[in-house]
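The next block holds one structure in the form of C-alpha cells; read it before the comments.
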Amino acid sequence: MNITSKFRLDIPLTLIVLLALFLNVYGIWNDQYANTYYTTAVASMLQNFHNFFFVSLDTAGFVSVDKPPLTFWIQTLSAYIFGLHGWSVILPQALSGAGSVILMYKLVKQPFGLAAGRISALVMASTPVVASVSRTNNIDSMLVFALLIAAWLLLSGIRNNRIWSLIGAFAMIGLAFNMKMMQAYMVLPAFFFITLIAWKINRKKKLGVLAGASALMLLISMSWALIVDAVPAGSRPYVGSSQTNSVMELAFGYNGVSRLTGEQGGGGGGGGPQ
C-alpha cells in the first residue's frame with residue numbers, strides 16, 4: 001500500500017507536463033532549418049569526429065561555433081538518430097523545457113506544498129517566453145534545465161545531508177558552463193549563500209566540501225576549453241568569435257564578462273547569434 005501510494009500518478013502534474021510538451025513541440029516540424037547558424041554546425045558535426053569534437057561550423061573544419069559543445073553534441077545525437085531536420089535539432093530543447101516544468105514542481109513542492117508546486121509548474125509551462133525559447137535550437141532551454149537540476153541536487157543535498165548530491169550540484173554547473181560558458185555561473189552566489197547558511201554541518205567540513213565541489217566544477221568547466229587550446233592551431237578549427245583563437249579567451253571575453261555587463265564586442269573568427 002505504501003509503495004502504491006508513493007508512486008501514484010499525479011494527474012494535475014501529468015496534464016501540466018503534457019501541456020508543456022504540446023506548447024513546446026507543436027508545429028516544430030514546420031521549421032525546416034531552425035536557427036540556421038546552429039543547424040549548419042550540426043550538419044558539419046555529423047560528418048566526422050573531428051568536426052563533432054571541435055563543434056566545427058563548416059565541413060572543412062575551418063572555424064568553430066562561438067559557443068561550447070555540450071548542447072550541440074546533444075543536438076547532433078538527435079540528428080544522427082532522427083535525421084537532420086529542423087525539428088530534430090529543436091527536439092532536445094523542447095524536451096528540456098518540459099523537464100524544467102517537472103523540476104520546478106519538485107523544487108517548490110517540498111518547502112511550500114503540493115498546490116504551490118502545481119501552480120509553479122503551470123505558470124512555467126504556460127509562460128510564453130518559456131515555450132518560445134524551447135521551440136528553437138538555441139541553447140537557453142537546455143541551460144535552464146541543467147541549472148534547475150543543479151538547484152534540485154543542491155537543495156536535496158542540504159535537506160538530507162548528502163555530500164555527493166551537493167557535489168553533483170556544482171558538477172552540473174560545470175556541465176552548464178559547457179553549454180553557455182559564464183552565464184552558467186550567474187547562480188553561483190545563491191548556491192554558495194544557501195549552502196553556507198542552510199547546511200547544518202560542521203563549519204570546517206562545510207567549507208572543505210564547498211572547496212572540493214568548486215574545484216570539481218572548475219575542472220569540468222574548463223576541461224574542453226583546455227583540451228582545445230592545447231591542440232595546435234593548424235590541427236583544429238579557428239575558435240569562432242574569439243580574438244586570439246582561444247576558447248579560454250572566448251569563455252571569459254565574448255561569452256564571459258562582456259555578456260554579463262552587456263558590453264559585447266565583435267568576434268574574430270565567425271559571426272553568429274548573440
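If you're wondering about the labels, chains in the C-alpha cells are A, B, ... by order shown, residues count from 1 in each chain, ligands from 1 in order shown.
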With only C-alpha atoms counted and 7 Å as the cut-off, give the residues of range 108-154 of chain A in contact with range 176-182 of chain A, each with its shortest interatomic distance in Å and the pair that gives it, as JSON lines.
```
{"residue": "A:Ile139", "atom": "CA", "partner": "A:Met179", "partner_atom": "CA", "distance": 6.8}
{"residue": "A:Leu143", "atom": "CA", "partner": "A:Ala176", "partner_atom": "CA", "distance": 5.9}
{"residue": "A:Ala146", "atom": "CA", "partner": "A:Ala176", "partner_atom": "CA", "distance": 6.0}
{"residue": "A:Leu147", "atom": "CA", "partner": "A:Ala176", "partner_atom": "CA", "distance": 6.8}
```
Take the selection from the previous step and output its residues with N, CA, C and O atoms, as a short mmCIF file (atom, residue, chain, number, x, y, z; two decimals), in the first residue's frame.
```cif
data_model
loop_
_atom_site.label_atom_id
_atom_site.label_comp_id
_atom_site.auth_asym_id
_atom_site.auth_seq_id
_atom_site.Cartn_x
_atom_site.Cartn_y
_atom_site.Cartn_z
N ILE A 139 20.34 27.72 -27.14
CA ILE A 139 20.90 26.98 -26.01
C ILE A 139 20.12 27.15 -24.72
O ILE A 139 20.17 26.30 -23.84
N LEU A 143 20.13 25.07 -21.00
CA LEU A 143 20.89 25.69 -19.91
C LEU A 143 20.02 25.80 -18.66
O LEU A 143 20.46 25.45 -17.56
N ALA A 146 19.57 22.37 -17.08
CA ALA A 146 20.76 21.94 -16.35
C ALA A 146 20.89 22.65 -15.01
O ALA A 146 21.23 22.04 -13.99
N LEU A 147 20.62 23.95 -14.99
CA LEU A 147 20.74 24.70 -13.75
C LEU A 147 19.64 24.34 -12.75
O LEU A 147 19.86 24.38 -11.53
#
```
> Can you list, as JSON, numbers by chain, every protein, DNA or RNA residue that comes within 7 Å of range 215-229 of chain A when you count only C-alpha atoms, leaving out same-chain residues fewer than 5 positions away?
Replying inline: {"A": [170, 171, 173, 174, 175, 177, 178, 246, 247, 248]}
Limited to N, CA, C and O atoms, could you put the picked residues into a file as a compact mmCIF listing (two decimals), in the first residue's frame?
```txt
# COMPACT_ATOMS: atom_id res chain seq x y z
N PHE A 170 27.28 21.21 -8.07
CA PHE A 170 28.34 22.04 -8.64
C PHE A 170 28.91 21.41 -9.91
O PHE A 170 29.33 22.13 -10.83
N ALA A 171 28.90 20.07 -9.98
CA ALA A 171 29.32 19.41 -11.21
C ALA A 171 28.37 19.75 -12.36
O ALA A 171 28.81 19.97 -13.50
N ILE A 173 26.76 22.54 -12.70
CA ILE A 173 27.08 23.90 -13.15
C ILE A 173 28.27 23.85 -14.10
O ILE A 173 28.33 24.59 -15.09
N GLY A 174 29.22 22.95 -13.83
CA GLY A 174 30.34 22.77 -14.74
C GLY A 174 29.88 22.31 -16.11
O GLY A 174 30.36 22.79 -17.14
N LEU A 175 28.91 21.39 -16.15
CA LEU A 175 28.35 20.96 -17.42
C LEU A 175 27.60 22.10 -18.10
O LEU A 175 27.69 22.28 -19.32
N PHE A 177 28.29 25.20 -17.85
CA PHE A 177 29.32 26.08 -18.41
C PHE A 177 29.65 25.65 -19.83
O PHE A 177 29.91 26.49 -20.71
N ASN A 178 29.64 24.35 -20.07
CA ASN A 178 29.94 23.84 -21.41
C ASN A 178 28.74 23.90 -22.34
O ASN A 178 28.78 23.33 -23.44
N SER A 246 41.40 31.31 -29.08
CA SER A 246 41.48 30.62 -27.80
C SER A 246 40.08 30.47 -27.20
O SER A 246 39.33 31.44 -27.11
N VAL A 247 39.76 29.25 -26.77
CA VAL A 247 38.47 29.03 -26.11
C VAL A 247 38.44 29.73 -24.76
O VAL A 247 37.40 30.26 -24.34
N MET A 248 39.56 29.76 -24.07
CA MET A 248 39.61 30.43 -22.77
C MET A 248 39.32 31.92 -22.93
O MET A 248 38.58 32.51 -22.13
```
> Hey, which of A:Thr136, A:Gln47, A:Thr40, A:Ser156 ends up closest to Tyr26 in chain A? Count only C-alpha atoms.
Replying inline: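 Using only C-alpha atoms, Tyr26 in chain A sits closest to A:Thr136.
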At most 10 Å is the cut-off: for each residue in range 52-147 of chain A with any atom that close to an atom of range 12-17 of chain A, write down the nearest atom pair and the distance in Å rounded to one decimal, counting only C-alpha atoms, chain first then increasing number, as a tab-separated table.
```
residue	atom	partner	partner_atom	distance
A:Gly97	CA	A:Val17	CA	9.6
A:Ala98	CA	A:Val17	CA	6.1
A:Gly99	CA	A:Val17	CA	8.1
A:Ser100	CA	A:Val17	CA	9.6
A:Val101	CA	A:Val17	CA	6.8
A:Ile102	CA	A:Val17	CA	7.1
A:Tyr105	CA	A:Leu13	CA	8.1
A:Leu114	CA	A:Leu13	CA	9.9
A:Ala115	CA	A:Pro12	CA	9.9
A:Gly117	CA	A:Leu13	CA	8.9
A:Arg118	CA	A:Leu13	CA	6.2
A:Ile119	CA	A:Leu13	CA	9.4
A:Ala121	CA	A:Ile16	CA	7.0
A:Leu122	CA	A:Ile16	CA	5.8
A:Val123	CA	A:Ile16	CA	9.4
A:Met124	CA	A:Ile16	CA	9.5
A:Ala125	CA	A:Ile16	CA	6.9
A:Ser126	CA	A:Ile16	CA	8.8
```
>> What does the structure give for the distance between CA of Ala233 in chain A and CA of Leu57 in chain A, in Å to one decimal?
In response: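 CA of Leu57 in chain A lies 15.8 Å from CA of Ala233 in chain A.
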>> As an exercise, work out the distance from CA of Ala60 in chain A to CA of Pro92 in chain A in Å and give it to one decimal place.
In response: 26.1 Å
Considering only C-alpha atoms, tabulate each residue of range 136-168 of chain A that lies at most 8 Å from range 195-212 of chain A along with its nearest interatomic pair and the corresponding distance in Å to one decimal; arrange the rows by chain and ascending residue number and present them as CSV.
```
residue,atom,partner,partner_atom,distance
A:Leu154,CA,A:Thr195,CA,8.0
A:Ile158,CA,A:Trp199,CA,5.1
A:Arg159,CA,A:Trp199,CA,7.5
A:Asn161,CA,A:Trp199,CA,7.5
A:Ile163,CA,A:Val209,CA,7.4
A:Ile167,CA,A:Val209,CA,7.5
```
Go ahead and dump the residues you just picked, C-alpha atoms, as a JSON list (two decimals), in the first residue's frame.
```json
[["chain", "number", "residue", "atom", "x", "y", "z"],
["A", 154, "LEU", "CA", 21.82, 21.27, -4.04],
["A", 158, "ILE", "CA", 21.35, 20.22, 2.10],
["A", 159, "ARG", "CA", 17.98, 18.84, 3.21],
["A", 161, "ASN", "CA", 22.78, 15.91, 4.38],
["A", 163, "ILE", "CA", 27.50, 15.38, 0.37],
["A", 167, "ILE", "CA", 28.95, 17.99, -5.09]]
```
> Which distance in Å separates CA of Asn137 in chain A and CA of Thr244 in chain A, to one decimal?
Replying inline: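 For CA of Asn137 in chain A relative to CA of Thr244 in chain A, the distance reads 27.5 Å.
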> Given the choices A:Ala184, A:Phe193, A:Ile149, A:Ser141, which gets closest to Gly168 in chain A if the distance is worked out from only C-alpha atoms?
Replying inline: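 Ranked by minimum distance to Gly168 in chain A, first place goes to A:Ile149.
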